[in-house]
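Chemist: Structure file start_31.csv (CSV, C-alpha atoms and all ligand atoms) is given on the next line.
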```csv
chain,number,residue,atom,x,y,z
G,158,MET,CA,-1.3,39.1,7.3
G,159,THR,CA,-2.6,36.6,4.9
G,160,THR,CA,-6.2,36.4,3.7
G,161,THR,CA,-7.9,33.3,2.5
G,162,PRO,CA,-8.5,33.2,-1.2
G,163,VAL,CA,-12.2,33.1,-2.3
G,164,GLN,CA,-11.5,30.1,-4.5
G,165,ILE,CA,-8.9,27.5,-5.2
G,166,THR,CA,-8.3,25.4,-8.3
G,167,ILE,CA,-6.4,22.1,-8.0
G,168,ARG,CA,-5.9,19.0,-10.1
G,169,ARG,CA,-9.0,16.8,-9.8
G,170,PRO,CA,-8.5,14.7,-6.6
G,171,ASP,CA,-9.0,11.0,-6.1
G,172,ASP,CA,-10.5,9.1,-3.2
G,173,TRP,CA,-8.1,6.4,-2.1
G,174,HIS,CA,-10.6,4.6,0.1
G,175,VAL,CA,-14.4,4.4,-0.5
G,176,HIS,CA,-17.3,2.0,0.0
G,177,LEU,CA,-19.6,2.2,-3.0
G,178,ARG,CA,-21.7,-0.9,-2.0
G,179,ASP,CA,-23.8,-2.5,-4.8
G,180,GLY,CA,-27.3,-2.5,-6.3
G,181,ALA,CA,-29.7,0.3,-5.3
G,182,MET,CA,-27.4,1.7,-2.6
G,183,MET,CA,-24.6,2.0,-5.1
G,184,ARG,CA,-26.8,3.8,-7.5
G,185,ALA,CA,-27.9,6.2,-4.8
G,186,VAL,CA,-24.4,7.1,-3.5
G,187,LEU,CA,-22.1,6.8,-6.6
G,188,PRO,CA,-23.0,10.2,-8.0
G,189,CYS,CA,-21.7,11.8,-4.8
G,190,THR,CA,-18.3,10.3,-5.3
G,191,ALA,CA,-18.2,10.8,-9.1
G,192,ARG,CA,-19.0,14.5,-8.9
G,193,GLN,CA,-15.7,15.3,-7.1
G,194,PHE,CA,-13.2,12.5,-7.6
G,195,ALA,CA,-11.6,11.3,-10.9
G,196,ARG,CA,-10.7,7.9,-9.5
G,197,ALA,CA,-11.4,5.9,-6.3
G,198,ILE,CA,-10.0,2.8,-4.6
G,199,VAL,CA,-13.2,0.8,-4.2
G,200,MET,CA,-13.4,-1.4,-1.1
G,201,PRO,CA,-14.2,-5.1,-1.7
G,202,ASN,CA,-16.3,-5.7,1.5
G,203,LEU,CA,-19.5,-6.7,-0.3
G,204,VAL,CA,-21.6,-9.6,0.9
G,205,PRO,CA,-20.0,-12.0,-0.3
G,206,PRO,CA,-16.7,-10.1,-0.5
G,207,VAL,CA,-14.8,-9.5,-3.8
G,208,THR,CA,-12.1,-12.2,-3.5
G,209,THR,CA,-11.5,-13.1,-7.2
G,210,ALA,CA,-10.5,-11.1,-10.3
G,211,ALA,CA,-13.7,-12.4,-12.0
G,212,ALA,CA,-15.8,-10.9,-9.2
G,213,ALA,CA,-14.0,-7.6,-9.4
G,214,VAL,CA,-14.5,-7.4,-13.1
G,215,GLY,CA,-18.2,-7.9,-12.6
G,216,TYR,CA,-18.4,-5.4,-9.8
G,217,ARG,CA,-16.4,-2.8,-11.8
G,218,ALA,CA,-18.8,-3.2,-14.7
G,219,ARG,CA,-21.8,-2.6,-12.5
G,220,ILE,CA,-20.2,0.6,-11.1
G,221,VAL,CA,-19.4,1.9,-14.6
G,222,ALA,CA,-22.9,1.1,-15.7
G,223,ALA,CA,-24.4,3.0,-12.8
G,224,LEU,CA,-22.4,6.2,-13.4
G,225,PRO,CA,-24.5,9.3,-14.2
G,226,ALA,CA,-24.4,10.3,-17.9
G,227,GLY,CA,-21.2,12.3,-18.7
G,228,ALA,CA,-19.5,11.4,-15.5
G,229,ASP,CA,-15.7,11.0,-15.8
G,230,PHE,CA,-14.8,8.5,-13.1
G,231,THR,CA,-12.6,5.4,-12.9
G,232,PRO,CA,-13.1,2.8,-10.2
G,233,LEU,CA,-9.9,1.1,-9.1
G,234,MET,CA,-10.6,-2.3,-7.8
G,235,THR,CA,-9.3,-4.2,-4.8
G,236,ALA,CA,-9.2,-7.8,-3.7
G,237,TYR,CA,-10.5,-8.9,-0.3
G,238,LEU,CA,-7.8,-11.0,1.3
G,239,THR,CA,-8.9,-14.1,3.1
G,240,ASP,CA,-7.0,-17.0,4.7
G,241,GLU,CA,-7.7,-18.9,1.5
G,242,THR,CA,-6.5,-16.4,-1.1
G,243,GLU,CA,-4.1,-17.9,-3.7
G,244,PRO,CA,-1.0,-15.8,-4.6
G,245,GLN,CA,-1.7,-16.6,-8.2
G,246,GLU,CA,-5.2,-15.1,-8.2
G,247,ILE,CA,-3.7,-11.8,-7.0
G,248,ALA,CA,-0.8,-11.9,-9.4
G,249,ARG,CA,-3.0,-12.6,-12.4
G,250,GLY,CA,-5.6,-10.1,-11.4
G,251,HIS,CA,-2.9,-7.4,-11.0
G,252,ALA,CA,-1.2,-8.3,-14.3
G,253,ASP,CA,-4.6,-8.1,-16.1
G,254,GLY,CA,-5.2,-4.6,-14.7
G,255,VAL,CA,-8.1,-5.7,-12.5
G,256,PHE,CA,-6.6,-5.4,-9.0
G,257,THR,CA,-4.9,-2.1,-8.1
G,258,ALA,CA,-4.4,-3.2,-4.5
G,259,VAL,CA,-5.4,-5.9,-2.0
G,260,LYS,CA,-7.3,-5.1,1.2
G,261,LEU,CA,-6.6,-6.8,4.5
G,262,TYR,CA,-9.4,-6.8,7.1
G,263,PRO,CA,-8.4,-8.6,10.3
G,264,ALA,CA,-11.4,-11.0,10.8
G,265,HIS,CA,-14.3,-9.4,12.6
G,266,ALA,CA,-12.5,-6.0,12.9
G,267,THR,CA,-15.3,-4.0,11.2
G,268,THR,CA,-18.4,-4.1,8.9
G,269,ASN,CA,-18.5,-7.2,6.6
G,270,SER,CA,-15.1,-8.5,7.8
G,271,ALA,CA,-16.2,-12.0,8.8
G,272,TYR,CA,-14.2,-13.5,5.9
G,273,GLY,CA,-11.1,-11.5,6.9
G,274,VAL,CA,-7.7,-12.7,7.8
G,275,THR,CA,-7.4,-14.7,11.1
G,276,ALA,CA,-3.6,-14.5,11.4
G,277,ILE,CA,-1.0,-12.8,9.2
G,278,ASP,CA,1.0,-16.0,8.8
G,279,LYS,CA,-2.0,-17.5,6.9
G,280,VAL,CA,-1.5,-15.0,4.1
G,281,MET,CA,2.3,-14.7,4.1
G,282,ARG,CA,2.7,-16.4,0.8
G,283,VAL,CA,0.3,-13.9,-0.8
G,284,LEU,CA,2.1,-11.0,0.9
G,285,GLU,CA,5.5,-12.2,-0.3
G,286,ARG,CA,4.2,-12.4,-3.9
G,287,MET,CA,2.7,-8.9,-3.6
G,288,ALA,CA,6.0,-7.5,-2.2
G,289,ALA,CA,7.8,-9.0,-5.2
G,290,LEU,CA,5.3,-7.5,-7.6
G,291,GLY,CA,4.9,-4.1,-5.8
G,292,VAL,CA,1.2,-4.5,-5.3
G,293,PRO,CA,0.0,-2.3,-2.4
G,294,LEU,CA,-1.5,-3.9,0.7
G,295,LEU,CA,-4.3,-1.7,2.2
G,296,VAL,CA,-4.7,-2.4,5.9
G,297,HIS,CA,-7.6,-1.9,8.3
G,298,GLY,CA,-5.2,-1.4,11.2
G,299,GLU,CA,-7.1,-2.5,14.3
G,300,ALA,CA,-6.3,-5.3,16.8
G,301,THR,CA,-9.2,-7.7,17.1
G,302,ASP,CA,-8.5,-9.1,20.5
G,303,PRO,CA,-11.7,-8.2,22.4
G,304,GLU,CA,-9.6,-7.6,25.5
G,305,VAL,CA,-8.0,-4.5,23.8
G,306,ASP,CA,-9.8,-1.3,24.5
G,307,ILE,CA,-11.6,0.0,21.4
G,308,PHE,CA,-9.7,3.3,21.6
G,309,ASP,CA,-6.3,1.5,21.7
G,310,ARG,CA,-6.9,-0.9,18.9
G,311,GLU,CA,-5.0,1.0,16.2
G,312,ALA,CA,-1.9,1.7,18.3
G,313,VAL,CA,-1.8,-2.0,19.4
G,314,PHE,CA,-2.2,-3.2,15.8
G,315,ILE,CA,0.8,-1.1,14.9
G,316,ASP,CA,3.0,-2.6,17.6
G,317,HIS,CA,1.8,-6.2,17.5
G,318,THR,CA,1.1,-6.7,13.8
G,319,LEU,CA,2.3,-4.0,11.5
G,320,ILE,CA,5.8,-3.5,12.9
G,321,PRO,CA,6.6,-7.3,12.9
G,322,LEU,CA,5.1,-7.7,9.4
G,323,ARG,CA,7.3,-4.9,8.0
G,324,ARG,CA,10.4,-6.3,9.8
G,325,HIS,CA,9.7,-9.6,8.0
G,326,LEU,CA,8.8,-8.1,4.7
G,327,PRO,CA,10.2,-4.6,4.4
G,328,GLU,CA,9.6,-4.4,0.6
G,329,LEU,CA,5.8,-4.8,1.0
G,330,ARG,CA,4.2,-1.5,0.1
G,331,ILE,CA,1.4,-0.7,2.6
G,332,VAL,CA,-1.3,1.9,3.1
G,333,LEU,CA,-2.5,2.1,6.6
G,334,GLU,CA,-6.1,3.1,6.0
G,335,HIS,CA,-8.1,5.8,7.7
G,336,ILE,CA,-5.6,6.5,10.5
G,337,THR,CA,-7.0,8.0,13.7
G,338,THR,CA,-4.1,8.4,16.1
G,339,GLN,CA,-1.0,10.3,16.7
G,340,GLU,CA,0.8,7.0,17.0
G,341,ALA,CA,-0.2,6.1,13.5
G,342,ALA,CA,0.7,9.5,12.0
G,343,ASP,CA,4.1,9.4,13.7
G,344,TYR,CA,4.8,5.8,12.6
G,345,VAL,CA,3.8,6.4,9.0
G,346,GLU,CA,5.7,9.8,8.7
G,347,HIS,CA,8.9,8.1,9.7
G,348,GLY,CA,8.2,4.8,8.1
G,349,GLY,CA,10.2,5.2,4.9
G,350,ASP,CA,9.1,4.9,1.3
G,351,ASN,CA,7.0,1.7,1.5
G,352,ILE,CA,4.3,3.0,3.8
G,353,ALA,CA,1.6,5.7,3.5
G,354,ALA,CA,-1.7,6.5,5.1
G,355,THR,CA,-5.1,7.7,4.2
G,356,ILE,CA,-7.0,10.2,6.4
G,357,THR,CA,-10.7,10.8,6.3
G,358,ALA,CA,-12.6,14.1,6.5
G,359,HIS,CA,-14.5,13.0,9.6
G,360,HIS,CA,-11.4,12.1,11.6
G,361,LEU,CA,-10.1,15.5,10.8
G,362,THR,CA,-13.2,17.2,12.0
G,363,ILE,CA,-14.6,15.3,15.0
G,364,ASN,CA,-13.2,13.8,18.1
G,365,ARG,CA,-14.8,11.1,20.3
G,366,ASN,CA,-16.8,13.7,22.3
G,367,ALA,CA,-18.9,14.3,19.2
G,368,ILE,CA,-20.2,10.8,19.3
G,369,PHE,CA,-21.8,11.4,22.7
G,370,GLN,CA,-22.8,15.1,22.4
G,371,GLY,CA,-26.2,15.5,24.1
G,372,GLY,CA,-26.9,11.8,23.6
G,373,ILE,CA,-25.6,8.9,21.4
G,374,ARG,CA,-25.0,9.9,17.8
G,375,PRO,CA,-25.1,6.8,15.7
G,376,HIS,CA,-24.2,8.6,12.5
G,377,LEU,CA,-20.9,9.5,14.0
G,378,TYR,CA,-20.0,5.9,14.8
G,379,CYS,CA,-17.4,4.4,12.5
G,380,LEU,CA,-14.4,2.1,12.7
G,381,PRO,CA,-11.7,2.9,13.6
G,382,ILE,CA,-13.7,5.0,16.1
G,383,ALA,CA,-12.8,8.7,16.5
G,384,LYS,CA,-10.3,9.3,19.2
G,385,ARG,CA,-9.5,12.1,21.7
G,386,GLU,CA,-8.7,15.6,20.6
G,387,LYS,CA,-4.9,15.3,20.7
G,388,HIS,CA,-5.2,12.7,18.0
G,389,ARG,CA,-7.4,14.7,15.8
G,390,LEU,CA,-4.9,17.6,16.0
G,391,ALA,CA,-2.1,15.2,15.1
G,392,LEU,CA,-4.1,14.1,12.0
G,393,ARG,CA,-4.7,17.7,11.0
G,394,ARG,CA,-1.0,18.4,11.2
G,395,ALA,CA,-0.1,15.3,9.2
G,396,ALA,CA,-2.6,16.1,6.4
G,397,ALA,CA,-1.8,19.8,6.2
G,398,SER,CA,1.9,19.2,6.2
G,399,GLY,CA,1.7,18.1,2.6
G,400,ASP,CA,4.0,15.2,3.5
G,401,ARG,CA,4.0,12.6,0.7
G,402,HIS,CA,3.1,9.8,3.2
G,403,PHE,CA,-0.5,11.2,3.7
G,404,PHE,CA,-3.3,11.4,1.2
G,405,LEU,CA,-7.1,11.7,0.9
G,406,GLY,CA,-9.3,8.6,1.6
G,407,THR,CA,-12.8,9.3,2.7
G,408,ASP,CA,-13.8,5.9,4.0
G,409,SER,CA,-17.3,7.0,3.0
G,410,ALA,CA,-19.4,4.1,4.2
G,411,PRO,CA,-23.1,4.4,3.6
G,412,HIS,CA,-25.6,2.5,5.7
G,413,ALA,CA,-29.4,3.0,5.5
G,414,ALA,CA,-30.5,5.1,8.4
G,415,PRO,CA,-32.5,2.4,10.2
G,416,THR,CA,-29.4,0.1,10.3
G,417,LYS,CA,-27.5,2.9,12.2
G,418,GLU,CA,-30.4,4.1,14.4
G,419,ALA,CA,-30.7,0.8,16.1
G,420,ALA,CA,-29.9,-1.1,19.3
G,421,CYS,CA,-26.8,-2.4,17.6
G,422,GLY,CA,-26.0,0.2,14.9
G,423,CYS,CA,-23.6,-0.4,12.0
G,424,ALA,CA,-20.2,1.2,11.8
G,425,GLY,CA,-19.6,3.7,9.0
G,426,ILE,CA,-19.9,7.4,8.2
G,427,PHE,CA,-21.2,8.5,4.9
G,428,THR,CA,-19.1,11.5,3.8
G,429,ALA,CA,-19.2,11.3,0.0
G,430,ALA,CA,-21.9,14.1,-0.1
G,431,THR,CA,-19.6,16.6,1.7
G,432,ALA,CA,-16.1,15.3,1.7
G,433,LEU,CA,-14.0,17.6,-0.5
G,434,GLU,CA,-15.7,20.6,1.0
G,435,LEU,CA,-14.9,19.5,4.5
G,436,TYR,CA,-11.2,18.7,3.6
G,437,ALA,CA,-10.9,22.2,2.1
G,438,GLY,CA,-12.3,23.7,5.3
G,439,VAL,CA,-9.6,21.9,7.3
G,440,PHE,CA,-6.8,23.1,5.1
G,441,GLU,CA,-8.2,26.7,5.3
G,442,GLU,CA,-8.3,26.5,9.1
G,443,LYS,CA,-4.7,25.2,9.1
G,444,GLY,CA,-3.6,28.1,6.7
G,445,ALA,CA,-2.4,25.3,4.4
G,446,LEU,CA,-4.6,25.7,1.3
G,447,ASP,CA,-1.4,25.8,-0.8
G,448,ARG,CA,-0.8,22.1,0.4
G,449,PHE,CA,-4.3,20.9,-0.3
G,450,GLU,CA,-3.4,19.7,-3.8
G,451,ALA,CA,-0.6,17.6,-2.5
G,452,PHE,CA,-2.9,15.8,-0.1
G,453,ALA,CA,-5.9,15.5,-2.4
G,454,SER,CA,-4.4,15.0,-5.8
G,455,LEU,CA,-0.6,14.3,-5.9
G,456,ASN,CA,0.5,12.2,-3.0
G,457,GLY,CA,-1.9,9.3,-3.7
G,458,PRO,CA,-1.0,8.8,-7.3
G,459,ALA,CA,2.7,9.0,-6.4
G,460,PHE,CA,2.4,6.2,-3.9
G,461,TYR,CA,0.2,4.1,-6.2
G,462,ARG,CA,2.6,4.9,-9.1
G,463,LEU,CA,-0.2,6.3,-11.3
G,464,LEU,CA,-0.3,9.4,-13.3
G,465,VAL,CA,-1.9,12.5,-11.7
G,466,ASN,CA,-5.2,13.8,-13.2
G,467,GLU,CA,-5.0,16.4,-15.8
G,468,GLU,CA,-8.4,18.0,-15.2
G,469,ARG,CA,-8.9,20.7,-12.6
G,470,ILE,CA,-11.6,21.3,-10.0
G,471,THR,CA,-12.4,24.6,-8.4
G,472,LEU,CA,-13.7,25.1,-4.9
G,473,ARG,CA,-15.3,28.4,-3.9
G,474,ARG,CA,-15.7,29.9,-0.5
G,475,GLU,CA,-19.5,30.1,-0.7
G,476,PRO,CA,-21.8,28.9,2.1
G,477,TRP,CA,-24.3,26.1,1.2
G,478,THR,CA,-26.4,23.6,3.0
G,479,ALA,CA,-25.4,20.0,3.0
G,480,PRO,CA,-28.1,17.6,1.9
G,481,SER,CA,-30.2,16.1,4.7
G,482,THR,CA,-30.5,12.7,3.1
G,483,ILE,CA,-29.2,10.8,0.0
G,484,GLY,CA,-31.4,8.1,-1.5
G,485,ASP,CA,-35.0,7.3,-0.9
G,486,GLY,CA,-37.2,5.3,1.3
G,487,LYS,CA,-35.7,2.3,3.1
G,488,LEU,CA,-32.3,3.1,1.6
G,489,ALA,CA,-32.1,6.8,2.6
G,490,VAL,CA,-28.6,7.6,4.1
G,491,HIS,CA,-27.8,10.4,6.5
G,492,PRO,CA,-24.8,12.3,5.2
G,493,PHE,CA,-22.1,13.6,7.5
G,494,ARG,CA,-22.9,17.2,8.4
G,495,ALA,CA,-26.5,16.7,7.0
G,496,GLY,CA,-28.4,20.0,6.9
G,497,GLU,CA,-25.5,22.0,8.2
G,498,THR,CA,-23.9,25.0,6.5
G,499,LEU,CA,-20.5,24.3,4.9
G,500,ARG,CA,-18.0,27.1,4.0
G,501,TRP,CA,-16.6,25.6,0.8
G,502,ARG,CA,-18.4,24.5,-2.3
G,503,VAL,CA,-17.3,22.6,-5.4
G,504,ALA,CA,-17.9,25.0,-8.3
Y,601,LIG,C1,-16.9,0.4,6.8
Y,601,LIG,C2,-18.1,-0.2,6.1
Y,601,LIG,O1,-19.2,0.2,6.6
Y,601,LIG,O2,-18.0,-0.9,5.2
Y,601,LIG,N1,-17.2,0.9,8.1
Y,601,LIG,C3,-16.5,1.9,8.8
Y,601,LIG,O3,-16.9,2.1,9.9
Y,601,LIG,N2,-15.5,2.5,8.3
Y,601,LIG,C4,-15.9,-0.7,7.0
Y,601,LIG,C5,-14.5,-0.2,7.3
Y,601,LIG,O4,-13.8,0.5,6.5
Y,601,LIG,O5,-14.0,-0.4,8.4
Y,602,ZN,ZN,-13.4,1.5,4.9
```
Would you mind writing the file's structure down as structure tokens?
Modeler:
Amino acid sequence: MTTTPVQITIRRPDDWHVHLRDGAMMRAVLPCTARQFARAIVMPNLVPPVTTAAAAVGYRARIVAALPAGADFTPLMTAYLTDETEPQEIARGHADGVFTAVKLYPAHATTNSAYGVTAIDKVMRVLERMAALGVPLLVHGEATDPEVDIFDREAVFIDHTLIPLRRHLPELRIVLEHITTQEAADYVEHGGDNIAATITAHHLTINRNAIFQGGIRPHLYCLPIAKREKHRLALRRAAASGDRHFFLGTDSAPHAAPTKEAACGCAGIFTAATALELYAGVFEEKGALDRFEAFASLNGPAFYRLLVNEERITLRREPWTAPSTIGDGKLAVHPFRAGETLRWRVA
């Protein structure tokens, strides 16, 4: 019989997918990410989106300026791909150390994606250049045809867009972001060296029933939407396997409470206040705490061809109560698991 250790120490993890927003909201949520992660891949879906290296340099400076005193955190910037993006802008931004990766939002797939890509062919010249340079493409993998059922959009995207793209451009290095289905986990696991996937804490811990438990739960609505239980179980197996194709990406996406508690509420779950603790709980439940470091701290840097972090972080098995809100007044955000007791705590 094995017993769960009372604490674990791992290399400091990174968050390979986060929405830090800008201005007052960024100042409210950034400390949550910086307390646990050494680096984060920062999503570019601001309004207007971060489409140029100059805009990314400005945004990066605002993030660094907003860090709490003594924080050790490096934002890794991404370019928002549009039909108009010039290959040279990406190539130069990458060479200058501004762009770590490029994000593809299919137009109208999710929050702030109105400037997204309308057809893959429109960005093929950029993707070919990225493939030649080894710049990772980060994909929001959902079909946008309104005829496609919301629960099928990820699987349809893989069949109709991702597989043909990879057949055309096998050297392109791709991260399928925030995967939610067994189909995605299977595809990525067997997809070779040039594909990987991030998995969120919320998709490991809720299925679609949770969104409707006792009424509609706007704070559990995100895109891609949580799927049925068999998919959650497939994601848990993928993450806990330690397989190099899978790594941590919270997709923490804060929205002020009134914009979620509305007739047409925004998509996005704010997990930065509780993420690492929740992931640790999943690995404990899977009896896989010995593989937590691979998922949280090793597989991501390996795919991104970056060094692993040298510092360590300790998590203790010690109950604590998750915060009920982050931020004040009109900008207050409702964290995932707000007010609930969590088993693991960052020491
Ligand atoms: C994200 C956001 O709010 O920016 N929302 C979400 O539901 N995940 C956008 C995204 O990553 O799809
Ligand atoms: Zn996201």
Chemist: From the list G:His317, G:Arg217, G:Arg330, G:Lys443, which residue is nearest Met287 (chain G) when using only C-alpha atoms?
Modeler: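 Closest candidate: G:Arg330.
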Chemist: Can you tell me which residues come within 8 Å of ligand ZN 602 (chain Y) when counting all atoms listed in the file, ideally as a list in words?
Modeler: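 Answer in the requested format: His174, Val175, His176, Met200, His297, Glu334, His335, Leu380, Asp408, Ser409, Ala410 and Gly425 of chain G.
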Chemist: So which residues fall inside 10 Å of (-8.0, -9.5, -12.8) if we count all atoms listed in the file? Mind giving them as a list in words?
Modeler: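 Answer for this query, in the requested form: Thr209, Ala210, Ala211, Ala212, Ala213, Val214, Met234, Thr235, Ala236, Glu246, Ile247, Ala248, Arg249, Gly250, His251, Ala252, Asp253, Gly254, Val255, Phe256 and Thr257 of chain G.
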Chemist: Pick from G:Arg192, G:Lys279, G:Arg219, G:His359: nearest to ligand LIG 601 (chain Y), with only C-alpha atoms and all ligand atoms counted?
Modeler: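 That would be G:His359, the residue with the smallest distance to ligand LIG 601 (chain Y).
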Chemist: From the list G:Arg469, G:Gly422, G:Ala181, G:Tyr272, which residue is nearest Ile373 (chain G) when using all atoms listed in the file?
Modeler: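 Closest to Ile373 (chain G), using all atoms listed in the file: G:Gly422.
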Chemist: Could you please determine the separation between CA of Thr166 (chain G) and CA of Leu472 (chain G) in Å, to one decimal place?
Modeler: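 Interatomic distance, CA of Thr166 (chain G) to CA of Leu472 (chain G): 6.4 Å.
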Chemist: So which one's closest to ligand LIG 601 (chain Y), G:Gln164, G:Thr416, G:Thr362, G:Gln370? Using only C-alpha atoms and all ligand atoms, please.
Modeler: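 When distances to ligand LIG 601 (chain Y) are compared using only C-alpha atoms and all ligand atoms, the smallest one comes from G:Thr416.
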